[in-house]
$ cat target_6.cif   # mmCIF, C-alpha atoms and all ligand atoms
data_model
#
loop_
_atom_site.group_PDB
_atom_site.id
_atom_site.type_symbol
_atom_site.label_atom_id
_atom_site.label_comp_id
_atom_site.auth_asym_id
_atom_site.auth_seq_id
_atom_site.Cartn_x
_atom_site.Cartn_y
_atom_site.Cartn_z
ATOM 1 C CA MET O 970 46.683 62.893 22.200
ATOM 2 C CA ALA O 971 50.338 62.093 22.882
ATOM 3 C CA LYS O 972 50.352 64.761 25.546
ATOM 4 C CA SER O 973 47.476 63.196 27.475
ATOM 5 C CA THR O 974 49.196 59.782 27.366
ATOM 6 C CA ASP O 975 52.378 61.327 28.753
ATOM 7 C CA LEU O 976 50.357 62.907 31.509
ATOM 8 C CA GLU O 977 48.621 59.627 32.293
ATOM 9 C CA SER O 978 51.869 57.709 32.554
ATOM 10 C CA LEU O 979 53.283 60.427 34.800
ATOM 11 C CA GLU O 980 50.157 60.195 36.939
ATOM 12 C CA ARG O 981 50.519 56.409 37.184
ATOM 13 C CA LYS O 982 54.160 56.743 38.158
ATOM 14 C CA LEU O 983 53.149 59.104 40.943
ATOM 15 C CA TYR O 984 50.411 56.751 42.188
ATOM 16 C CA ASP O 985 52.830 53.810 42.120
ATOM 17 C CA SER O 986 55.691 55.620 43.844
ATOM 18 C CA ARG O 987 56.669 54.501 47.337
ATOM 19 C CA ILE O 988 56.082 57.932 48.861
ATOM 20 C CA TRP O 989 52.532 58.096 47.470
ATOM 21 C CA ARG O 990 51.809 54.498 48.547
ATOM 22 C CA SER O 991 53.120 55.144 52.050
ATOM 23 C CA ILE O 992 50.493 57.860 52.468
ATOM 24 C CA PHE O 993 47.533 56.672 50.398
ATOM 25 C CA ARG O 994 47.969 52.875 50.268
ATOM 26 C CA TYR O 995 45.944 52.430 47.086
ATOM 27 C CA GLY O 996 47.186 52.897 43.567
ATOM 28 C CA TYR O 997 45.868 54.291 40.332
ATOM 29 C CA PRO O 998 42.036 54.341 40.525
ATOM 30 C CA ILE O 999 41.724 52.613 37.182
ATOM 31 C CA ASP O 1000 39.197 49.939 38.056
ATOM 32 C CA ARG O 1001 36.093 49.797 40.215
ATOM 33 C CA ARG O 1002 37.855 48.126 43.153
ATOM 34 C CA ASN O 1003 40.693 50.640 43.273
ATOM 35 C CA ARG O 1004 38.253 53.531 42.962
ATOM 36 C CA ILE O 1005 36.258 52.273 45.952
ATOM 37 C CA MET O 1006 39.382 51.600 48.008
ATOM 38 C CA THR O 1007 40.803 55.039 47.206
ATOM 39 C CA VAL O 1008 37.713 56.607 48.761
ATOM 40 C CA ALA O 1009 37.244 54.129 51.620
ATOM 41 C CA LYS O 1010 40.855 54.269 52.827
ATOM 42 C CA ASN O 1011 41.291 58.039 52.802
ATOM 43 C CA VAL O 1012 40.587 59.808 56.074
ATOM 44 C CA PHE O 1013 38.835 62.710 54.350
ATOM 45 C CA LEU O 1014 37.190 60.924 51.444
ATOM 46 C CA HIS O 1015 35.860 58.049 53.543
ATOM 47 C CA LEU O 1016 33.260 60.408 54.980
ATOM 48 C CA HIS O 1017 31.571 60.103 51.603
ATOM 49 C CA PRO O 1018 29.636 56.956 50.818
ATOM 50 C CA ASN O 1019 31.051 54.675 48.124
ATOM 51 C CA PHE O 1020 27.778 54.808 46.229
ATOM 52 C CA VAL O 1021 25.312 57.667 46.019
ATOM 53 C CA PRO O 1022 21.860 57.185 44.507
ATOM 54 C CA ARG O 1023 21.317 59.585 41.617
ATOM 55 C CA GLY O 1024 18.171 61.091 43.201
ATOM 56 C CA ALA O 1025 19.996 62.045 46.386
ATOM 57 C CA VAL O 1026 22.344 64.421 44.584
ATOM 58 C CA LYS O 1027 19.588 66.174 42.682
ATOM 59 C CA LEU O 1028 20.240 69.863 43.267
ATOM 60 C CA THR O 1029 16.558 70.691 43.631
ATOM 61 C CA TYR O 1030 16.238 68.099 46.425
ATOM 62 C CA THR O 1031 18.929 69.238 48.890
ATOM 63 C CA TRP O 1032 19.667 72.657 47.329
ATOM 64 C CA CYS O 1033 23.137 71.882 48.689
ATOM 65 C CA LEU O 1034 22.122 73.794 51.809
ATOM 66 C CA GLY O 1035 24.050 71.507 54.175
ATOM 67 C CA GLY O 1036 27.121 71.835 51.970
ATOM 68 C CA LEU O 1037 26.707 75.613 51.817
ATOM 69 C CA SER O 1038 26.444 75.772 55.622
ATOM 70 C CA PHE O 1039 29.679 73.804 55.873
ATOM 71 C CA MET O 1040 31.349 76.109 53.340
ATOM 72 C CA MET O 1041 30.317 79.127 55.452
ATOM 73 C CA PHE O 1042 31.817 77.425 58.498
ATOM 74 C CA LEU O 1043 35.123 76.941 56.672
ATOM 75 C CA ILE O 1044 35.189 80.589 55.517
ATOM 76 C CA LEU O 1045 34.423 81.678 59.087
ATOM 77 C CA THR O 1046 37.243 79.556 60.474
ATOM 78 C CA VAL O 1047 39.863 80.882 58.041
ATOM 79 C CA THR O 1048 38.841 84.561 58.272
ATOM 80 C CA GLY O 1049 38.331 84.215 62.056
ATOM 81 C CA VAL O 1050 41.901 82.992 62.563
ATOM 82 C CA LEU O 1051 43.196 85.905 60.442
ATOM 83 C CA LEU O 1052 41.159 88.394 62.512
ATOM 84 C CA MET O 1053 42.666 86.913 65.688
ATOM 85 C CA PHE O 1054 46.116 88.143 64.615
ATOM 86 C CA TYR O 1055 44.971 91.736 65.137
ATOM 87 C CA TYR O 1056 42.092 91.711 67.585
ATOM 88 C CA VAL O 1057 42.797 91.851 71.334
ATOM 89 C CA PRO O 1058 39.772 91.129 73.552
ATOM 90 C CA SER O 1059 40.304 93.877 76.131
ATOM 91 C CA VAL O 1060 38.086 96.824 76.982
ATOM 92 C CA GLU O 1061 40.930 99.220 76.102
ATOM 93 C CA ARG O 1062 41.742 97.715 72.682
ATOM 94 C CA ALA O 1063 38.769 95.844 71.215
ATOM 95 C CA TYR O 1064 36.919 98.799 69.660
ATOM 96 C CA GLN O 1065 40.083 100.436 68.296
ATOM 97 C CA ASP O 1066 41.358 97.141 66.902
ATOM 98 C CA ILE O 1067 38.171 96.743 64.883
ATOM 99 C CA LYS O 1068 38.443 100.348 63.675
ATOM 100 C CA ASP O 1069 42.068 99.676 62.626
ATOM 101 C CA MET O 1070 40.933 96.559 60.838
ATOM 102 C CA GLU O 1071 38.612 98.737 58.755
ATOM 103 C CA THR O 1072 41.063 101.527 58.019
ATOM 104 C CA VAL O 1073 44.711 100.582 58.582
ATOM 105 C CA ILE O 1074 45.275 96.860 58.126
ATOM 106 C CA ILE O 1075 45.723 95.686 54.535
ATOM 107 C CA PHE O 1076 42.751 93.484 53.548
ATOM 108 C CA GLY O 1077 41.441 93.957 57.116
ATOM 109 C CA MET O 1078 38.113 95.315 55.938
ATOM 110 C CA LEU O 1079 37.754 92.454 53.460
ATOM 111 C CA MET O 1080 38.493 89.868 56.159
ATOM 112 C CA ARG O 1081 36.113 91.456 58.618
ATOM 113 C CA ASN O 1082 33.306 91.704 56.065
ATOM 114 C CA MET O 1083 33.847 88.158 54.834
ATOM 115 C CA HIS O 1084 33.623 86.982 58.434
ATOM 116 C CA ARG O 1085 30.494 89.016 59.102
ATOM 117 C CA TRP O 1086 28.666 88.098 55.904
ATOM 118 C CA ALA O 1087 29.571 84.429 56.208
ATOM 119 C CA ALA O 1088 28.212 84.496 59.770
ATOM 120 C CA HIS O 1089 24.885 85.955 58.583
ATOM 121 C CA GLY O 1090 24.959 83.522 55.642
ATOM 122 C CA MET O 1091 25.521 80.516 57.879
ATOM 123 C CA VAL O 1092 22.558 81.351 60.114
ATOM 124 C CA ILE O 1093 20.374 81.634 56.988
ATOM 125 C CA THR O 1094 21.647 78.484 55.228
ATOM 126 C CA VAL O 1095 21.487 76.358 58.395
ATOM 127 C CA PHE O 1096 17.903 77.503 58.944
ATOM 128 C CA LEU O 1097 16.958 76.794 55.309
ATOM 129 C CA HIS O 1098 18.728 73.411 55.471
ATOM 130 C CA MET O 1099 16.629 72.600 58.531
ATOM 131 C CA CYS O 1100 13.468 73.612 56.616
ATOM 132 C CA ARG O 1101 14.488 71.421 53.624
ATOM 133 C CA VAL O 1102 15.084 68.430 55.917
ATOM 134 C CA PHE O 1103 11.682 69.037 57.499
ATOM 135 C CA TYR O 1104 9.726 69.493 54.264
ATOM 136 C CA THR O 1105 11.261 66.394 52.645
ATOM 137 C CA GLY O 1106 10.485 64.382 55.812
ATOM 138 C CA SER O 1107 14.172 63.462 56.115
ATOM 139 C CA TYR O 1108 13.989 63.703 59.918
ATOM 140 C CA LYS O 1109 11.979 60.462 60.057
ATOM 141 C CA PRO O 1110 13.545 57.121 61.112
ATOM 142 C CA PRO O 1111 16.308 56.106 60.602
ATOM 143 C CA ARG O 1112 17.476 59.738 60.570
ATOM 144 C CA GLU O 1113 15.851 60.939 63.797
ATOM 145 C CA PHE O 1114 19.142 60.969 65.725
ATOM 146 C CA ASN O 1115 20.780 63.082 63.028
ATOM 147 C CA TRP O 1116 17.919 65.551 63.327
ATOM 148 C CA VAL O 1117 18.741 65.889 67.042
ATOM 149 C CA VAL O 1118 22.434 66.387 66.193
ATOM 150 C CA GLY O 1119 21.225 69.022 63.687
ATOM 151 C CA VAL O 1120 19.265 70.859 66.379
ATOM 152 C CA ILE O 1121 22.449 71.016 68.497
ATOM 153 C CA LEU O 1122 24.316 72.364 65.442
ATOM 154 C CA PHE O 1123 21.632 74.994 64.984
ATOM 155 C CA PHE O 1124 21.946 76.167 68.612
ATOM 156 C CA LEU O 1125 25.744 76.233 68.370
ATOM 157 C CA THR O 1126 25.493 78.321 65.183
ATOM 158 C CA VAL O 1127 23.193 80.836 66.870
ATOM 159 C CA LEU O 1128 25.398 80.960 69.982
ATOM 160 C CA LEU O 1129 28.488 81.570 67.829
ATOM 161 C CA SER O 1130 26.663 84.404 66.125
ATOM 162 C CA PHE O 1131 25.590 85.958 69.412
ATOM 163 C CA THR O 1132 28.977 85.652 71.158
ATOM 164 C CA GLY O 1133 30.665 87.227 68.116
ATOM 165 C CA TYR O 1134 28.265 90.160 68.315
ATOM 166 C CA LEU O 1135 29.875 91.456 71.539
ATOM 167 C CA LEU O 1136 33.445 91.451 70.258
ATOM 168 C CA PRO O 1137 33.459 94.836 68.373
ATOM 169 C CA TRP O 1138 32.690 96.404 71.772
ATOM 170 C CA ASP O 1139 30.615 99.188 70.217
ATOM 171 C CA GLN O 1140 27.289 100.583 71.395
ATOM 172 C CA LEU O 1141 25.297 98.058 69.364
ATOM 173 C CA ALA O 1142 27.238 95.132 70.833
ATOM 174 C CA PHE O 1143 27.139 96.488 74.373
ATOM 175 C CA TRP O 1144 23.403 97.010 74.465
ATOM 176 C CA ALA O 1145 22.497 93.857 72.537
ATOM 177 C CA VAL O 1146 24.407 91.796 75.082
ATOM 178 C CA THR O 1147 22.901 93.797 77.939
ATOM 179 C CA VAL O 1148 19.434 92.863 76.617
ATOM 180 C CA GLY O 1149 20.424 89.200 76.085
ATOM 181 C CA THR O 1150 21.968 88.709 79.513
ATOM 182 C CA THR O 1151 19.097 90.541 81.214
ATOM 183 C CA ILE O 1152 16.709 88.052 79.602
ATOM 184 C CA GLY O 1153 18.878 85.220 80.984
ATOM 185 C CA GLY O 1154 18.874 86.929 84.380
ATOM 186 C CA ALA O 1155 15.064 86.921 84.392
ATOM 187 C CA ALA O 1156 15.006 83.103 84.559
ATOM 188 C CA PRO O 1157 13.077 81.890 87.635
ATOM 189 C CA ILE O 1158 15.081 80.775 90.713
ATOM 190 C CA VAL O 1159 18.523 80.601 89.009
ATOM 191 C CA GLY O 1160 18.278 84.031 87.311
ATOM 192 C CA ASP O 1161 21.060 85.688 89.346
ATOM 193 C CA GLN O 1162 23.416 82.762 88.830
ATOM 194 C CA VAL O 1163 22.720 82.729 85.079
ATOM 195 C CA ASN O 1164 23.416 86.453 84.933
ATOM 196 C CA LEU O 1165 26.721 86.057 86.764
ATOM 197 C CA LEU O 1166 27.681 83.123 84.558
ATOM 198 C CA LEU O 1167 27.049 85.120 81.390
ATOM 199 C CA LEU O 1168 28.630 88.384 82.557
ATOM 200 C CA GLY O 1169 31.442 87.102 84.770
ATOM 201 C CA ASP O 1170 30.779 90.173 86.917
ATOM 202 C CA ALA O 1171 27.956 92.238 88.412
ATOM 203 C CA GLN O 1172 27.705 94.131 85.132
ATOM 204 C CA ILE O 1173 28.900 93.891 81.564
ATOM 205 C CA GLY O 1174 32.654 94.642 81.281
ATOM 206 C CA GLY O 1175 36.101 93.178 80.649
ATOM 207 C CA ASN O 1176 35.238 89.822 82.245
ATOM 208 C CA THR O 1177 32.243 89.460 79.942
ATOM 209 C CA LEU O 1178 34.362 90.274 76.898
ATOM 210 C CA ILE O 1179 37.056 87.684 77.649
ATOM 211 C CA ARG O 1180 34.426 85.091 78.559
ATOM 212 C CA TRP O 1181 32.505 85.530 75.307
ATOM 213 C CA TYR O 1182 35.697 85.747 73.278
ATOM 214 C CA THR O 1183 36.898 82.382 74.631
ATOM 215 C CA LEU O 1184 33.518 80.849 73.891
ATOM 216 C CA HIS O 1185 33.514 82.389 70.401
ATOM 217 C CA VAL O 1186 37.006 81.377 69.266
ATOM 218 C CA ILE O 1187 37.596 78.101 71.115
ATOM 219 C CA ALA O 1188 34.757 76.343 72.926
ATOM 220 C CA LEU O 1189 31.886 76.779 70.463
ATOM 221 C CA PRO O 1190 33.825 76.201 67.186
ATOM 222 C CA LEU O 1191 35.406 73.065 68.686
ATOM 223 C CA LEU O 1192 32.043 71.736 69.805
ATOM 224 C CA LEU O 1193 30.555 72.569 66.406
ATOM 225 C CA ALA O 1194 33.392 70.767 64.604
ATOM 226 C CA VAL O 1195 32.880 67.648 66.749
ATOM 227 C CA PHE O 1196 29.113 67.609 66.153
ATOM 228 C CA LEU O 1197 29.659 68.273 62.436
ATOM 229 C CA ALA O 1198 31.858 65.180 62.207
ATOM 230 C CA VAL O 1199 29.119 63.162 63.932
ATOM 231 C CA HIS O 1200 26.506 64.714 61.618
ATOM 232 C CA PHE O 1201 28.361 63.793 58.407
ATOM 233 C CA TRP O 1202 29.233 60.350 59.704
ATOM 234 C CA ARG O 1203 25.584 59.741 60.587
ATOM 235 C CA VAL O 1204 24.407 60.722 57.095
ATOM 236 C CA ARG O 1205 26.523 57.840 55.866
ATOM 237 C CA GLN O 1206 25.533 55.435 58.638
ATOM 238 C CA ASP O 1207 21.844 56.117 57.999
ATOM 239 C CA GLY O 1208 22.213 54.770 54.459
ATOM 240 C CA GLY O 1209 23.214 58.006 52.731
ATOM 241 C CA LEU O 1210 20.834 60.822 51.979
ATOM 242 C CA SER O 1211 17.103 60.274 51.926
ATOM 243 C CA GLN O 1212 15.538 59.836 48.495
ATOM 244 C CA PRO O 1213 13.089 62.158 46.765
ATOM 245 C CA LEU O 1214 9.655 60.518 46.573
HETATM 246 C C1 LIG J 1301 26.248 73.662 60.995
HETATM 247 C C2 LIG J 1301 25.106 73.278 60.499
HETATM 248 C C3 LIG J 1301 24.882 72.121 59.553
HETATM 249 C C4 LIG J 1301 25.671 71.626 58.539
HETATM 250 C C5 LIG J 1301 27.034 72.158 58.081
HETATM 251 C C6 LIG J 1301 24.975 70.502 57.957
HETATM 252 C C7 LIG J 1301 25.439 69.739 56.897
HETATM 253 C C8 LIG J 1301 24.729 68.737 56.278
HETATM 254 C C9 LIG J 1301 25.061 68.131 55.000
HETATM 255 C C10 LIG J 1301 26.295 68.511 54.143
HETATM 256 C C11 LIG J 1301 24.128 67.196 54.731
HETATM 257 C C12 LIG J 1301 24.046 66.398 53.434
HETATM 258 C C13 LIG J 1301 22.810 66.823 52.601
HETATM 259 C C14 LIG J 1301 22.603 68.266 52.327
HETATM 260 O O1 LIG J 1301 23.545 68.973 51.937
HETATM 261 O O2 LIG J 1301 21.446 68.718 52.502
HETATM 262 C C15 LIG J 1301 23.194 67.168 55.844
HETATM 263 C C16 LIG J 1301 22.111 66.320 55.967
HETATM 264 C C17 LIG J 1301 21.207 66.317 57.032
HETATM 265 N N1 LIG J 1301 21.103 67.296 58.005
HETATM 266 FE FE1 LIG J 1301 22.434 68.779 58.286
HETATM 267 N N2 LIG J 1301 23.780 70.325 58.629
HETATM 268 C C18 LIG J 1301 23.670 71.303 59.587
HETATM 269 C C19 LIG J 1301 22.592 71.527 60.427
HETATM 270 C C20 LIG J 1301 21.448 70.733 60.464
HETATM 271 C C21 LIG J 1301 20.255 71.049 61.195
HETATM 272 C C22 LIG J 1301 20.030 72.350 61.968
HETATM 273 C C23 LIG J 1301 19.407 69.982 61.039
HETATM 274 C C24 LIG J 1301 18.035 69.778 61.622
HETATM 275 C C25 LIG J 1301 17.649 70.206 62.782
HETATM 276 C C26 LIG J 1301 20.059 69.001 60.198
HETATM 277 C C27 LIG J 1301 19.560 67.762 59.852
HETATM 278 C C28 LIG J 1301 20.041 66.970 58.830
HETATM 279 C C29 LIG J 1301 19.472 65.704 58.410
HETATM 280 C C30 LIG J 1301 18.295 64.958 59.065
HETATM 281 C C31 LIG J 1301 20.199 65.294 57.282
HETATM 282 C C32 LIG J 1301 19.950 64.056 56.399
HETATM 283 C C33 LIG J 1301 19.047 64.558 55.276
HETATM 284 C C34 LIG J 1301 18.668 63.530 54.260
HETATM 285 O O3 LIG J 1301 19.019 62.371 54.416
HETATM 286 O O4 LIG J 1301 17.983 63.946 53.299
HETATM 287 N N3 LIG J 1301 21.302 69.511 59.845
HETATM 288 N N4 LIG J 1301 23.577 68.135 56.758
#

$ encode --input "target_6.cif" --output "structure tokens"
Amino acid sequence: MAKSTDLESLERKLYDSRIWRSIFRYGYPIDRRNRIMTVAKNVFLHLHPNFVPRGAVKLTYTWCLGGLSFMMFLILTVTGVLLMFYYVPSVERAYQDIKDMETVIIFGMLMRNMHRWAAHGMVITVFLHMCRVFYTGSYKPPREFNWVVGVILFFLTVLLSFTGYLLPWDQLAFWAVTVGTTIGGAAPIVGDQVNLLLLGDAQIGGNTLIRWYTLHVIALPLLLAVFLAVHFWRVRQDGGLSQPL
């Protein structure tokens, strides 16, 4: 008992210290007002609503699929950055770098597999999240705009998955991308331009690899992060999560 009181007073001291106050502004969340302000004035916590209806956090309503998709995205970002330390997107090195990752680099295989499985997982959870939103009718007004943001997130997720597919530069990657870009090239009127845009050359090669790598590690994750912020913010602006009937 005495121990917990000591801990509490230490905690209070920390909350009341000038350093803590200079960063977080609000003190010990002992009463309702301070608890609300602690959440509302924190850049990360303020994304959450101050109040959440009990029904909206029922596990069997959301299945936490949106949260799981976000978790996959975080795993992908961390493991992706670690993979970037070893992988060089050139025709000469890409394949060997992946092989080294599997056999030479400590924890390389773990990192690669975590990245791969999280990528598959994210496609699945995002799709299931979309199905949950559809079957609970949560796309209806006032959440119709967030549904559209969700569709963009879905396309970005699929594009991230597809651009990552080329990077191992093995036979599977090479021919999958050949099929994909040939489909793009079959578009009426602008087919040739689309093909050139996707390949960066007359045929698949080093230009394609660097183009898809840049999309995979910079452009698409950045876009996804921006739309995710809008998505979360909109959940709050639309009055929190929809309610089970
Ligand atoms: C990167 C992909 C995505 C992430 C990380 C994500 C994340 C989230 C999270 C955390 C929530 C809170 C509730 C929950 O966990 O279910 C949510 C709600 C919502 N999401 Fe997503 N989402 C993604 C993609 C999508 C897609 C593809 C759609 C639909 C096309 C969509 C539409 C919605 C809507 C309408 C809501 C509000 C649901 C309600 O009020 O019940 N999201 N999202």

$ closest_atom_pairs --input "target_6.cif" --of "chain O" --to "ligand LIG 1301 (chain J)" --cutoff "8 Å" --atoms "all atoms listed in the file" --output "CSV"
residue,atom,partner,partner_atom,distance
O:Ala1025,CA,J:LIG1301,O4,7.4
O:Thr1031,CA,J:LIG1301,O2,4.4
O:Trp1032,CA,J:LIG1301,O2,6.7
O:Cys1033,CA,J:LIG1301,O1,4.4
O:Leu1034,CA,J:LIG1301,O1,5.0
O:Gly1035,CA,J:LIG1301,O1,3.4
O:Gly1036,CA,J:LIG1301,C10,4.1
O:Leu1037,CA,J:LIG1301,C5,7.2
O:Ser1038,CA,J:LIG1301,C5,4.4
O:Phe1039,CA,J:LIG1301,C5,3.8
O:Met1040,CA,J:LIG1301,C5,7.5
O:Phe1042,CA,J:LIG1301,C5,7.1
O:Met1091,CA,J:LIG1301,C1,7.6
O:Val1095,CA,J:LIG1301,C2,5.2
O:Phe1096,CA,J:LIG1301,C22,6.3
O:His1098,CA,J:LIG1301,O2,6.2
O:Met1099,CA,J:LIG1301,C24,4.4
O:Cys1100,CA,J:LIG1301,C24,7.8
O:Arg1101,CA,J:LIG1301,O2,7.5
O:Val1102,CA,J:LIG1301,C33,5.6
O:Phe1103,CA,J:LIG1301,C24,7.6
O:Thr1105,CA,J:LIG1301,O4,7.2
O:Gly1106,CA,J:LIG1301,O4,7.9
O:Ser1107,CA,J:LIG1301,O4,4.8
O:Tyr1108,CA,J:LIG1301,C30,4.6
O:Lys1109,CA,J:LIG1301,C30,7.8
O:Arg1112,CA,J:LIG1301,C30,5.5
O:Glu1113,CA,J:LIG1301,C30,6.7
O:Phe1114,CA,J:LIG1301,C30,7.8
O:Asn1115,CA,J:LIG1301,C30,5.0
O:Trp1116,CA,J:LIG1301,C30,4.3
O:Val1117,CA,J:LIG1301,C25,6.2
O:Val1118,CA,J:LIG1301,C26,7.0
O:Gly1119,CA,J:LIG1301,C23,3.4
O:Val1120,CA,J:LIG1301,C25,4.0
O:Ile1121,CA,J:LIG1301,C22,7.1
O:Leu1122,CA,J:LIG1301,C1,5.0
O:Phe1123,CA,J:LIG1301,C22,4.3
O:Phe1124,CA,J:LIG1301,C22,7.9
O:Leu1125,CA,J:LIG1301,C1,7.8
O:Thr1126,CA,J:LIG1301,C1,6.3
O:Leu1193,CA,J:LIG1301,C1,7.0
O:Leu1197,CA,J:LIG1301,C5,6.4
O:His1200,CA,J:LIG1301,N4,6.6
O:Phe1201,CA,J:LIG1301,C9,6.4
O:Val1204,CA,J:LIG1301,C32,5.6
O:Asp1207,CA,J:LIG1301,O3,7.7
O:Gly1209,CA,J:LIG1301,O3,6.3
O:Leu1210,CA,J:LIG1301,O3,3.4
O:Ser1211,CA,J:LIG1301,O3,3.8
O:Gln1212,CA,J:LIG1301,O4,6.8

$ atom_distance --input "target_6.cif" --atom1 "atom CA of O:Arg1203" --atom2 "atom CA of O:Tyr995"
25.5 Å

$ atom_distance --input "target_6.cif" --atom1 "atom CA of O:Ile1158" --atom2 "atom CA of O:Gly1133"
28.2 Å

$ closest_residue --input "target_6.cif" --among "O:Gly1160, O:Pro1018, O:Gly1154, O:Pro1058" --to "O:Gln1206" --atoms "only C-alpha atoms"
O:Pro1018

$ atom_distance --input "target_6.cif" --atom1 "atom CA of O:Gly1174" --atom2 "atom CA of O:Tyr1064"
13.1 Å

$ closest_residue --input "target_6.cif" --among "O:Gln1140, O:Leu1028, O:Leu1051, O:Ala1063" --to "O:Ile1075" --atoms "only C-alpha atoms"
O:Leu1051

$ resolve_selection --input "target_6.cif" --expression "the PyMOL selection byres (((chain O and resi 973-984) around 12) and not hetatm)" --output "ChimeraX atom specification"
/O:970-972,985-999,1003,1007

$ resolve_selection --input "target_6.cif" --expression "the PyMOL selection byres (((chain O and resi 1079-1081) around 8) and not hetatm)" --output "list of chain:residue names"
O:Thr1048, O:Leu1051, O:Leu1052, O:Met1070, O:Glu1071, O:Phe1076, O:Gly1077, O:Met1078, O:Asn1082, O:Met1083, O:His1084, O:Arg1085

$ closest_residue --input "target_6.cif" --among "O:Val1146, O:Leu1192, O:Leu1214, O:Leu1168" --to "O:Arg1180" --atoms "all atoms listed in the file"
O:Leu1168

$ resolve_selection --input "target_6.cif" --expression "the PyMOL selection byres (((chain O and resi 1166) around 12) and not hetatm)" --output "list in words"
Thr1150, Thr1151, Gly1153, Gly1154, Val1159, Gly1160, Asp1161, Gln1162, Val1163, Asn1164, Leu1165, Leu1167, Leu1168, Gly1169, Asp1170, Ala1171, Gln1172, Ile1173, Asn1176, Thr1177, Arg1180 and Trp1181 of chain O

$ axis_aligned_box --input "target_6.cif" --around "stretch 1047-1065 of chain O" --padding-each-side "5 Å" --output "lines of an AutoDock Vina configuration file"
center_x = 41.5
center_y = 90.7
center_z = 67.5
size_x = 19.2
size_y = 29.6
size_z = 28.9

$ closest_residue --input "target_6.cif" --among "O:Asp1000, O:Asp1066, O:Glu1061, O:Asp1139" --to "O:Gly1175" --atoms "all atoms listed in the file"
O:Glu1061

$ closest_residue --input "target_6.cif" --among "O:Val1073, O:Ala1087, O:Phe1020, O:Val1026" --to "O:Ile1044" --atoms "only C-alpha atoms"
O:Ala1087

$ closest_residue --input "target_6.cif" --among "O:Val1148, O:Leu1184, O:Met1041, O:Ile1074" --to "O:Thr1132" --atoms "only C-alpha atoms"
O:Leu1184
